[in-house]
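Here is the file entry-v8.pdb (PDB, C-alpha atoms, pLDDT in the B column).
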ATOM      1  CA  MET U  24    -192.654 -93.633  -0.445  1.00 27.00           C
ATOM      2  CA  SER U  25    -190.256 -95.294  -2.866  1.00 31.00           C
ATOM      3  CA  ASN U  26    -191.424 -97.296  -5.883  1.00 33.00           C
ATOM      4  CA  ALA U  27    -189.978-100.432  -4.281  1.00 29.00           C
ATOM      5  CA  ARG U  28    -192.161 -99.968  -1.223  1.00 33.00           C
ATOM      6  CA  SER U  29    -195.162 -99.267  -3.415  1.00 34.00           C
ATOM      7  CA  ARG U  30    -194.630-102.593  -5.178  1.00 34.00           C
ATOM      8  CA  ARG U  31    -194.443-104.365  -1.805  1.00 35.00           C
ATOM      9  CA  GLY U  32    -197.760-102.826  -0.862  1.00 41.00           C
ATOM     10  CA  THR U  33    -199.547-103.980  -4.014  1.00 38.00           C
ATOM     11  CA  ARG U  34    -198.386-107.612  -4.116  1.00 42.00           C
ATOM     12  CA  LEU U  35    -201.391-108.925  -2.221  1.00 47.00           C
ATOM     13  CA  THR U  36    -204.040-107.276  -4.364  1.00 43.00           C
ATOM     14  CA  ALA U  37    -204.446-106.951  -8.085  1.00 33.00           C
ATOM     15  CA  GLY U  38    -205.363-103.288  -7.683  1.00 29.00           C
ATOM     16  CA  GLY U  39    -203.273-102.558  -4.626  1.00 37.00           C
ATOM     17  CA  ALA U  40    -206.407-101.728  -2.639  1.00 32.00           C
ATOM     18  CA  ILE U  41    -206.563-102.859   0.991  1.00 36.00           C
ATOM     19  CA  LEU U  42    -202.983-103.814   1.758  1.00 46.00           C
ATOM     20  CA  GLY U  43    -201.515-101.120  -0.417  1.00 47.00           C
ATOM     21  CA  VAL U  44    -203.217 -98.448   1.663  1.00 32.00           C
ATOM     22  CA  LEU U  45    -202.303-100.045   4.973  1.00 42.00           C
ATOM     23  CA  VAL U  46    -198.665-100.604   4.092  1.00 42.00           C
ATOM     24  CA  THR U  47    -198.502 -96.941   3.117  1.00 36.00           C
ATOM     25  CA  LEU U  48    -199.796 -96.033   6.570  1.00 36.00           C
ATOM     26  CA  LEU U  49    -197.444 -98.354   8.432  1.00 41.00           C
ATOM     27  CA  VAL U  50    -194.152 -97.934   6.579  1.00 39.00           C
ATOM     28  CA  GLY U  51    -192.133 -95.118   8.065  1.00 34.00           C
ATOM     29  CA  ALA U  52    -193.390 -95.511  11.620  1.00 35.00           C
ATOM     30  CA  ILE U  53    -191.234 -96.888  14.418  1.00 31.00           C
ATOM     31  CA  ALA U  54    -189.501-100.209  13.800  1.00 33.00           C
ATOM     32  CA  PRO U  55    -191.369-103.395  14.714  1.00 32.00           C
ATOM     33  CA  ALA U  56    -190.488-105.238  17.891  1.00 34.00           C
ATOM     34  CA  ASN U  57    -190.117-108.487  15.946  1.00 39.00           C
ATOM     35  CA  ALA U  58    -187.605-107.740  13.187  1.00 37.00           C
ATOM     36  CA  ALA U  59    -188.153-111.207  11.736  1.00 54.00           C
ATOM     37  CA  ILE U  60    -191.525-110.075  10.403  1.00 71.00           C
ATOM     38  CA  GLY U  61    -190.220-106.910   8.776  1.00 73.00           C
ATOM     39  CA  SER U  62    -191.534-103.851   7.002  1.00 85.00           C
ATOM     40  CA  ALA U  63    -195.087-105.055   6.374  1.00 89.00           C
ATOM     41  CA  CYS U  64    -195.767-104.703  10.106  1.00 92.00           C
ATOM     42  CA  THR U  65    -193.766-101.595  10.910  1.00 90.00           C
ATOM     43  CA  GLY U  66    -195.651 -99.369  13.337  1.00 91.00           C
ATOM     44  CA  ALA U  67    -198.302-101.983  14.125  1.00 93.00           C
ATOM     45  CA  ASN U  68    -197.854-101.682  17.893  1.00 93.00           C
ATOM     46  CA  THR U  69    -198.469 -97.929  17.860  1.00 92.00           C
ATOM     47  CA  GLN U  70    -201.641 -97.870  15.771  1.00 92.00           C
ATOM     48  CA  SER U  71    -204.819 -96.601  17.359  1.00 92.00           C
ATOM     49  CA  GLY U  72    -206.554 -99.436  19.181  1.00 92.00           C
ATOM     50  CA  ALA U  73    -203.547-101.758  19.182  1.00 95.00           C
ATOM     51  CA  PHE U  74    -203.883-104.830  21.398  1.00 97.00           C
ATOM     52  CA  SER U  75    -202.343-104.024  24.770  1.00 94.00           C
ATOM     53  CA  ASP U  76    -201.699-107.688  25.539  1.00 96.00           C
ATOM     54  CA  ALA U  77    -200.067-108.656  22.236  1.00 97.00           C
ATOM     55  CA  GLY U  78    -196.959-107.959  20.206  1.00 95.00           C
ATOM     56  CA  THR U  79    -196.214-107.031  16.609  1.00 95.00           C
ATOM     57  CA  ALA U  80    -197.696-110.070  14.855  1.00 96.00           C
ATOM     58  CA  ALA U  81    -201.207-109.786  16.296  1.00 97.00           C
ATOM     59  CA  ASN U  82    -201.214-106.007  15.968  1.00 96.00           C
ATOM     60  CA  CYS U  83    -200.017-106.280  12.388  1.00 96.00           C
ATOM     61  CA  LEU U  84    -202.968-108.534  11.596  1.00 96.00           C
ATOM     62  CA  LYS U  85    -205.256-106.028  13.313  1.00 96.00           C
ATOM     63  CA  ALA U  86    -203.949-103.270  11.053  1.00 94.00           C
ATOM     64  CA  TYR U  87    -204.741-105.342   7.972  1.00 94.00           C
ATOM     65  CA  GLY U  88    -208.218-106.223   9.213  1.00 94.00           C
ATOM     66  CA  ILE U  89    -207.324-109.889   9.717  1.00 96.00           C
ATOM     67  CA  ALA U  90    -207.460-110.037  13.538  1.00 96.00           C
ATOM     68  CA  LYS U  91    -210.400-108.569  15.448  1.00 93.00           C
ATOM     69  CA  GLY U  92    -209.548-109.730  18.953  1.00 93.00           C
ATOM     70  CA  LYS U  93    -211.941-110.681  21.725  1.00 91.00           C
ATOM     71  CA  ASN U  94    -214.976-108.845  23.038  1.00 89.00           C
ATOM     72  CA  ASP U  95    -212.929-107.242  25.821  1.00 92.00           C
ATOM     73  CA  GLY U  96    -210.465-105.719  23.331  1.00 92.00           C
ATOM     74  CA  THR U  97    -207.622-108.125  24.064  1.00 96.00           C
ATOM     75  CA  PHE U  98    -206.064-110.659  21.709  1.00 98.00           C
ATOM     76  CA  GLY U  99    -204.982-113.467  24.028  1.00 97.00           C
ATOM     77  CA  GLU U 100    -201.571-114.427  22.664  1.00 97.00           C
ATOM     78  CA  ASP U 101    -201.211-117.348  25.044  1.00 98.00           C
ATOM     79  CA  ASP U 102    -204.756-118.673  24.682  1.00 97.00           C
ATOM     80  CA  ASN U 103    -205.228-121.953  22.856  1.00 97.00           C
ATOM     81  CA  LEU U 104    -206.407-121.637  19.270  1.00 97.00           C
ATOM     82  CA  ILE U 105    -209.804-123.293  18.887  1.00 95.00           C
ATOM     83  CA  ARG U 106    -210.465-124.718  15.427  1.00 96.00           C
ATOM     84  CA  ALA U 107    -213.600-122.593  14.951  1.00 94.00           C
ATOM     85  CA  GLN U 108    -211.493-119.464  15.396  1.00 93.00           C
ATOM     86  CA  PHE U 109    -208.988-120.017  12.620  1.00 93.00           C
ATOM     87  CA  GLY U 110    -211.612-119.970   9.861  1.00 94.00           C
ATOM     88  CA  SER U 111    -212.230-116.278  10.428  1.00 95.00           C
ATOM     89  CA  PHE U 112    -208.503-115.492  10.356  1.00 96.00           C
ATOM     90  CA  ALA U 113    -208.226-117.377   7.070  1.00 96.00           C
ATOM     91  CA  THR U 114    -211.134-115.737   5.270  1.00 96.00           C
ATOM     92  CA  ARG U 115    -210.130-112.253   6.424  1.00 96.00           C
ATOM     93  CA  PHE U 116    -206.650-112.933   5.061  1.00 96.00           C
ATOM     94  CA  LEU U 117    -208.223-113.925   1.730  1.00 96.00           C
ATOM     95  CA  THR U 118    -210.262-110.699   1.792  1.00 95.00           C
ATOM     96  CA  ALA U 119    -207.135-108.641   2.419  1.00 94.00           C
ATOM     97  CA  ALA U 120    -205.454-110.459  -0.476  1.00 94.00           C
ATOM     98  CA  ASN U 121    -208.443-109.743  -2.726  1.00 93.00           C
ATOM     99  CA  VAL U 122    -209.131-113.454  -3.222  1.00 95.00           C
ATOM    100  CA  ALA U 123    -212.815-114.265  -3.733  1.00 93.00           C
ATOM    101  CA  HIS U 124    -214.369-116.620  -1.186  1.00 95.00           C
ATOM    102  CA  SER U 125    -218.139-116.321  -1.466  1.00 94.00           C
ATOM    103  CA  ALA U 126    -218.825-120.003  -2.209  1.00 96.00           C
ATOM    104  CA  ARG U 127    -219.613-122.198   0.799  1.00 97.00           C
ATOM    105  CA  THR U 128    -218.929-125.886   1.429  1.00 97.00           C
ATOM    106  CA  PRO U 129    -220.349-127.366   4.652  1.00 97.00           C
ATOM    107  CA  PHE U 130    -218.876-129.792   7.154  1.00 97.00           C
ATOM    108  CA  SER U 131    -221.084-132.486   8.650  1.00 96.00           C
ATOM    109  CA  ASP U 132    -220.609-131.173  12.198  1.00 97.00           C
ATOM    110  CA  VAL U 133    -220.667-127.421  11.549  1.00 98.00           C
ATOM    111  CA  ASN U 134    -224.121-125.978  12.115  1.00 97.00           C
ATOM    112  CA  ALA U 135    -225.970-123.395  14.191  1.00 97.00           C
ATOM    113  CA  ASN U 136    -225.786-125.635  17.241  1.00 97.00           C
ATOM    114  CA  THR U 137    -222.041-126.358  17.137  1.00 97.00           C
ATOM    115  CA  VAL U 138    -221.072-122.897  15.820  1.00 97.00           C
ATOM    116  CA  PRO U 139    -223.702-120.424  17.109  1.00 97.00           C
ATOM    117  CA  ASP U 140    -222.028-117.358  15.582  1.00 96.00           C
ATOM    118  CA  ALA U 141    -223.383-117.164  12.030  1.00 97.00           C
ATOM    119  CA  ASN U 142    -220.398-115.149  10.832  1.00 96.00           C
ATOM    120  CA  VAL U 143    -217.925-117.711  12.140  1.00 97.00           C
ATOM    121  CA  LEU U 144    -219.951-120.532  10.557  1.00 98.00           C
ATOM    122  CA  LYS U 145    -219.908-118.638   7.256  1.00 98.00           C
ATOM    123  CA  ASP U 146    -216.142-118.113   7.500  1.00 97.00           C
ATOM    124  CA  ILE U 147    -215.530-121.824   8.089  1.00 98.00           C
ATOM    125  CA  GLU U 148    -217.642-122.863   5.111  1.00 98.00           C
ATOM    126  CA  GLU U 149    -216.188-120.201   2.814  1.00 98.00           C
ATOM    127  CA  GLY U 150    -212.668-121.127   3.846  1.00 97.00           C
ATOM    128  CA  HIS U 151    -213.480-124.767   3.165  1.00 97.00           C
ATOM    129  CA  ALA U 152    -214.774-123.963  -0.328  1.00 97.00           C
ATOM    130  CA  ALA U 153    -211.645-121.908  -1.001  1.00 96.00           C
ATOM    131  CA  GLY U 154    -209.432-124.893  -0.175  1.00 95.00           C
ATOM    132  CA  VAL U 155    -207.934-123.257   2.895  1.00 97.00           C
ATOM    133  CA  VAL U 156    -209.895-124.651   5.834  1.00 96.00           C
ATOM    134  CA  ASN U 157    -209.270-128.388   6.234  1.00 92.00           C
ATOM    135  CA  GLY U 158    -211.358-130.924   8.091  1.00 93.00           C
ATOM    136  CA  PHE U 159    -210.730-134.549   8.996  1.00 92.00           C
ATOM    137  CA  THR U 160    -210.933-137.667   6.859  1.00 88.00           C
ATOM    138  CA  ASP U 161    -214.350-138.528   8.298  1.00 92.00           C
ATOM    139  CA  GLY U 162    -215.780-135.274   6.944  1.00 92.00           C
ATOM    140  CA  THR U 163    -215.943-133.504  10.291  1.00 97.00           C
ATOM    141  CA  PHE U 164    -214.370-130.207  11.285  1.00 97.00           C
ATOM    142  CA  GLN U 165    -214.488-130.502  15.096  1.00 97.00           C
ATOM    143  CA  PRO U 166    -214.997-126.766  15.720  1.00 97.00           C
ATOM    144  CA  THR U 167    -214.446-126.838  19.493  1.00 96.00           C
ATOM    145  CA  ALA U 168    -211.207-128.854  19.388  1.00 97.00           C
ATOM    146  CA  ASN U 169    -207.792-127.296  19.934  1.00 96.00           C
ATOM    147  CA  MET U 170    -205.603-126.976  16.853  1.00 96.00           C
ATOM    148  CA  THR U 171    -202.162-128.542  16.649  1.00 97.00           C
ATOM    149  CA  VAL U 172    -199.176-126.579  15.396  1.00 98.00           C
ATOM    150  CA  SER U 173    -198.808-128.843  12.361  1.00 97.00           C
ATOM    151  CA  GLN U 174    -202.473-128.263  11.478  1.00 96.00           C
ATOM    152  CA  ALA U 175    -202.046-124.508  11.872  1.00 97.00           C
ATOM    153  CA  ALA U 176    -198.941-124.479   9.682  1.00 98.00           C
ATOM    154  CA  THR U 177    -200.882-126.378   7.024  1.00 97.00           C
ATOM    155  CA  ILE U 178    -203.675-123.796   7.054  1.00 97.00           C
ATOM    156  CA  VAL U 179    -201.164-120.996   6.492  1.00 97.00           C
ATOM    157  CA  MET U 180    -199.590-122.881   3.593  1.00 97.00           C
ATOM    158  CA  ASN U 181    -203.092-123.488   2.190  1.00 97.00           C
ATOM    159  CA  LEU U 182    -203.594-119.730   2.295  1.00 97.00           C
ATOM    160  CA  ALA U 183    -200.352-119.165   0.415  1.00 97.00           C
ATOM    161  CA  GLN U 184    -201.441-121.646  -2.240  1.00 96.00           C
ATOM    162  CA  ALA U 185    -204.882-120.058  -2.648  1.00 96.00           C
ATOM    163  CA  ILE U 186    -203.353-116.597  -3.019  1.00 96.00           C
ATOM    164  CA  HIS U 187    -200.825-117.835  -5.589  1.00 96.00           C
ATOM    165  CA  LYS U 188    -203.601-119.468  -7.619  1.00 95.00           C
ATOM    166  CA  ALA U 189    -205.451-116.142  -7.686  1.00 95.00           C
ATOM    167  CA  ASN U 190    -202.340-114.049  -8.307  1.00 93.00           C
ATOM    168  CA  SER U 191    -199.383-115.703 -10.026  1.00 94.00           C
ATOM    169  CA  ASN U 192    -197.082-112.910  -8.822  1.00 92.00           C
ATOM    170  CA  ALA U 193    -197.561-114.067  -5.235  1.00 93.00           C
ATOM    171  CA  PRO U 194    -195.030-116.517  -3.739  1.00 93.00           C
ATOM    172  CA  ASP U 195    -195.481-120.096  -4.941  1.00 94.00           C
ATOM    173  CA  LEU U 196    -195.878-121.871  -1.598  1.00 94.00           C
ATOM    174  CA  ALA U 197    -198.059-124.913  -1.045  1.00 93.00           C
ATOM    175  CA  PRO U 198    -198.566-127.662   1.522  1.00 96.00           C
ATOM    176  CA  VAL U 199    -197.024-131.090   0.977  1.00 96.00           C
ATOM    177  CA  ASN U 200    -199.708-133.519  -0.157  1.00 94.00           C
ATOM    178  CA  ASP U 201    -199.968-137.146   0.864  1.00 92.00           C
ATOM    179  CA  PRO U 202    -199.813-139.115  -2.436  1.00 92.00           C
ATOM    180  CA  ALA U 203    -202.286-141.662  -1.094  1.00 90.00           C
ATOM    181  CA  THR U 204    -205.032-139.151  -0.299  1.00 87.00           C
ATOM    182  CA  GLY U 205    -204.107-136.098  -2.329  1.00 88.00           C
ATOM    183  CA  LYS U 206    -204.635-134.021   0.803  1.00 89.00           C
ATOM    184  CA  PRO U 207    -202.031-132.093   2.827  1.00 93.00           C
ATOM    185  CA  ASP U 208    -199.689-134.117   5.006  1.00 95.00           C
ATOM    186  CA  THR U 209    -199.548-131.960   8.122  1.00 96.00           C
ATOM    187  CA  ALA U 210    -196.260-133.390   9.453  1.00 97.00           C
ATOM    188  CA  GLN U 211    -194.374-132.771   6.205  1.00 97.00           C
ATOM    189  CA  THR U 212    -196.053-129.408   5.712  1.00 97.00           C
ATOM    190  CA  TYR U 213    -194.916-128.401   9.206  1.00 98.00           C
ATOM    191  CA  ASP U 214    -191.305-129.092   8.162  1.00 97.00           C
ATOM    192  CA  LEU U 215    -191.783-127.100   4.971  1.00 97.00           C
ATOM    193  CA  ALA U 216    -193.277-124.173   6.896  1.00 97.00           C
ATOM    194  CA  VAL U 217    -190.190-124.103   9.110  1.00 97.00           C
ATOM    195  CA  SER U 218    -187.806-124.251   6.149  1.00 97.00           C
ATOM    196  CA  LYS U 219    -189.682-121.457   4.340  1.00 95.00           C
ATOM    197  CA  GLY U 220    -189.699-119.178   7.373  1.00 94.00           C
ATOM    198  CA  ILE U 221    -193.464-119.292   7.841  1.00 96.00           C
ATOM    199  CA  LEU U 222    -193.121-121.014  11.211  1.00 97.00           C
ATOM    200  CA  ASP U 223    -190.530-119.088  13.205  1.00 95.00           C
ATOM    201  CA  VAL U 224    -188.966-121.490  15.696  1.00 93.00           C
ATOM    202  CA  ASN U 225    -188.023-118.493  17.866  1.00 94.00           C
ATOM    203  CA  ALA U 226    -191.505-116.953  18.010  1.00 96.00           C
ATOM    204  CA  ALA U 227    -192.455-115.758  21.492  1.00 96.00           C
ATOM    205  CA  ASP U 228    -195.232-113.817  23.178  1.00 96.00           C
ATOM    206  CA  LYS U 229    -195.037-110.162  24.186  1.00 95.00           C
ATOM    207  CA  GLY U 230    -193.321-111.100  27.442  1.00 95.00           C
ATOM    208  CA  GLY U 231    -190.649-113.141  25.674  1.00 96.00           C
ATOM    209  CA  THR U 232    -191.974-116.603  26.532  1.00 97.00           C
ATOM    210  CA  ALA U 233    -191.489-118.980  23.613  1.00 97.00           C
ATOM    211  CA  TYR U 234    -194.611-120.582  22.202  1.00 98.00           C
ATOM    212  CA  PRO U 235    -194.836-124.394  22.180  1.00 97.00           C
ATOM    213  CA  LYS U 236    -193.940-125.352  18.611  1.00 97.00           C
ATOM    214  CA  GLY U 237    -193.885-129.153  18.473  1.00 97.00           C
ATOM    215  CA  LYS U 238    -195.948-130.718  15.702  1.00 98.00           C
ATOM    216  CA  SER U 239    -198.543-132.082  18.114  1.00 97.00           C
ATOM    217  CA  ASP U 240    -198.474-129.117  20.522  1.00 98.00           C
ATOM    218  CA  THR U 241    -201.618-127.049  20.841  1.00 98.00           C
ATOM    219  CA  THR U 242    -201.293-123.839  18.849  1.00 98.00           C
ATOM    220  CA  LYS U 243    -201.382-120.612  20.805  1.00 98.00           C
ATOM    221  CA  ARG U 244    -203.237-117.717  19.202  1.00 98.00           C
ATOM    222  CA  GLY U 245    -200.044-115.680  19.196  1.00 98.00           C
ATOM    223  CA  LEU U 246    -198.108-118.338  17.284  1.00 98.00           C
ATOM    224  CA  PHE U 247    -200.824-118.539  14.627  1.00 98.00           C
ATOM    225  CA  ALA U 248    -200.724-114.751  14.367  1.00 98.00           C
ATOM    226  CA  ASP U 249    -196.964-114.924  13.915  1.00 97.00           C
ATOM    227  CA  MET U 250    -197.283-117.466  11.093  1.00 97.00           C
ATOM    228  CA  LEU U 251    -199.882-115.320   9.343  1.00 97.00           C
ATOM    229  CA  ALA U 252    -197.706-112.232   9.747  1.00 96.00           C
ATOM    230  CA  GLN U 253    -194.725-114.109   8.296  1.00 95.00           C
ATOM    231  CA  LEU U 254    -196.855-115.057   5.280  1.00 96.00           C
ATOM    232  CA  LEU U 255    -198.110-111.491   4.948  1.00 94.00           C
ATOM    233  CA  GLN U 256    -194.526-110.257   4.867  1.00 92.00           C
ATOM    234  CA  LYS U 257    -193.665-112.678   2.072  1.00 92.00           C
ATOM    235  CA  GLU U 258    -196.707-111.610   0.109  1.00 89.00           C
ATOM    236  CA  VAL U 259    -195.780-107.918   0.185  1.00 84.00           C
ATOM    237  CA  ASP U 260    -191.987-108.259  -0.227  1.00 78.00           C
TER     238      ASP U 260
END

Would you encode the structure as structure tokens?
Amino acid sequence: MSNARSRRGTRLTAGGAILGVLVTLLVGAIAPANAAIGSACTGANTQSGAFSDAGTAANCLKAYGIAKGKNDGTFGEDDNLIRAQFGSFATRFLTAANVAHSARTPFSDVNANTVPDANVLKDIEEGHAAGVVNGFTDGTFQPTANMTVSQAATIVMNLAQAIHKANSNAPDLAPVNDPATGKPDTAQTYDLAVSKGILDVNAADKGGTAYPKGKSDTTKRGLFADMLAQLLQKEVD
């Protein structure tokens, strides 16, 4: 593998640990179906245990340990993204990027009753403490609610910001804050995510059906996977 590719593989971690190894395994395999994502996800669809119902983005995240899928082994590209689900994606991305996230900050409505899976509850609270997982102005998280595309784009930009803070060599991307609150403005951050190539306006599922991408549309799991894969590519370029 060339030195240039080695540098791409070590961008996400200070020691080049997790992602460095996985990029080494993936680069040189068959070309990805979604060329917009690029070399970081090459060969993802042919890895052992790849999701049969998903394309390159979801399978790329599986290779990096970010996506686990559902109990039946599928990913569910066209399923709605529930807010409780994205916390686990976010904290696994931080783990892959070697960004510490052991501290926990609770939400008023996140508990063993509303989020029975202790690991998911932990991921939400750790993501909140890391500045990645946002709630609402009333202090709630609303774990069972669907997530809008603008909210999802903001989470991905939060991830980029957290990684840059931990590693100054990582891309300097950040959500757009509302001056009045000091918190991310999801509408403006959506526009920024589009302009930075994090939100691909042409993203589609494995069958070629375009995902709904309006700011207030409900995010499909496949679209969130695509945004995370786009960020991953920028981190390892």

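CA of Ala80 in chain U to CA of Ala248 in chain U spans 5.6 Å [interatomic distance, one decimal].
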
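Rounded to one decimal, CA of Tyr234 in chain U and CA of Ala81 in chain U lie 14.0 Å from each other.
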
Ala185 in chain U: which residues within 9 Å, counting all atoms listed in the file, same-chain residues fewer than 5 positions away excluded, as a VMD selection string?
chain U and resid 117 122 153 to 155 180 190 197

Which neighbours of Gln174 in chain U fall inside 9 Å, counting only C-alpha atoms, when residues of the same chain fewer than 5 positions from it are skipped, and could you give them as a PyMOL selection string?
chain U and resi 157+179+209-210+212-213+238-239+242

Using the chain letters and numbers from the file, which residues does the PyMOL selection byres ((chain U and resi 132) around 10) grab, as number ranges by chain?
U: 129-131, 133-138, 162-166

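Our summary of the geometry notes that CA of Phe98 in chain U is positioned 28.5 Å from CA of Ala193 in chain U.
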
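Closest approach to Thr177 in chain U among U:Asp214, U:Asp102, U:Glu148, U:Asp95 is made by U:Asp214 (distances from only C-alpha atoms).
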
Find the residues around Ala90 in chain U up to 12 Å (all atoms listed in the file counted), leave out those fewer than 2 positions away in its own chain, and share them as a CSV table (one decimal) with C-alpha atoms, in the coordinates of the input.
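The result, written out as result-v5.csv:
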chain,number,residue,atom,x,y,z
U,73,ALA,CA,-203.5,-101.8,19.2
U,74,PHE,CA,-203.9,-104.8,21.4
U,77,ALA,CA,-200.1,-108.7,22.2
U,80,ALA,CA,-197.7,-110.1,14.9
U,81,ALA,CA,-201.2,-109.8,16.3
U,82,ASN,CA,-201.2,-106.0,16.0
U,83,CYS,CA,-200.0,-106.3,12.4
U,84,LEU,CA,-203.0,-108.5,11.6
U,85,LYS,CA,-205.3,-106.0,13.3
U,86,ALA,CA,-203.9,-103.3,11.1
U,87,TYR,CA,-204.7,-105.3,8.0
U,88,GLY,CA,-208.2,-106.2,9.2
U,92,GLY,CA,-209.5,-109.7,19.0
U,93,LYS,CA,-211.9,-110.7,21.7
U,96,GLY,CA,-210.5,-105.7,23.3
U,97,THR,CA,-207.6,-108.1,24.1
U,98,PHE,CA,-206.1,-110.7,21.7
U,99,GLY,CA,-205.0,-113.5,24.0
U,100,GLU,CA,-201.6,-114.4,22.7
U,108,GLN,CA,-211.5,-119.5,15.4
U,109,PHE,CA,-209.0,-120.0,12.6
U,110,GLY,CA,-211.6,-120.0,9.9
U,111,SER,CA,-212.2,-116.3,10.4
U,112,PHE,CA,-208.5,-115.5,10.4
U,113,ALA,CA,-208.2,-117.4,7.1
U,114,THR,CA,-211.1,-115.7,5.3
U,115,ARG,CA,-210.1,-112.3,6.4
U,116,PHE,CA,-206.6,-112.9,5.1
U,119,ALA,CA,-207.1,-108.6,2.4
U,244,ARG,CA,-203.2,-117.7,19.2
U,245,GLY,CA,-200.0,-115.7,19.2
U,247,PHE,CA,-200.8,-118.5,14.6
U,248,ALA,CA,-200.7,-114.8,14.4
U,249,ASP,CA,-197.0,-114.9,13.9
U,251,LEU,CA,-199.9,-115.3,9.3
U,252,ALA,CA,-197.7,-112.2,9.7

Counting all atoms listed in the file, select every polymer residue within 7 Å of (-197.0, -120.9, 13.9) as defined in the file's coordinates, and provide the selection as a CSV table (one decimal) with C-alpha atoms, in the coordinates of the input.
chain,number,residue,atom,x,y,z
U,172,VAL,CA,-199.2,-126.6,15.4
U,175,ALA,CA,-202.0,-124.5,11.9
U,176,ALA,CA,-198.9,-124.5,9.7
U,222,LEU,CA,-193.1,-121.0,11.2
U,223,ASP,CA,-190.5,-119.1,13.2
U,246,LEU,CA,-198.1,-118.3,17.3
U,247,PHE,CA,-200.8,-118.5,14.6
U,249,ASP,CA,-197.0,-114.9,13.9
U,250,MET,CA,-197.3,-117.5,11.1

All file atoms of range 207-214 of chain U boxed axis-aligned, 5 Å per side, centre plus edges, as AutoDock Vina command-line options:
--center_x -196.7 --center_y -131.3 --center_z 6.1 --size_x 20.7 --size_y 15.7 --size_z 16.6

Out of U:Lys206, U:Lys145, U:Lys188, U:Arg127, which residue has the shortest atom-to-atom distance to Gly158 in chain U when counting all atoms listed in the file?
U:Lys206

Of U:Leu254, U:Val199, U:Val217, U:Lys243, the one sitting nearest Ala183 in chain U when using all atoms listed in the file is U:Leu254

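Between Ala141 in chain U and the residues U:Pro198, U:Ala107, U:Gly220, U:Gln256, the shortest atom-to-atom distance, using all atoms listed in the file, involves U:Ala107.
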
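Candidate residues U:Asn200, U:Thr167, U:Lys91, U:Lys257 were compared for distance to Gly72 in chain U, and the nearest is U:Lys91, using all atoms listed in the file.
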
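Minimum distance to His151 in chain U across U:Cys64, U:Asp260, U:Ile178, U:Leu104 (counting only C-alpha atoms) occurs at U:Ile178.
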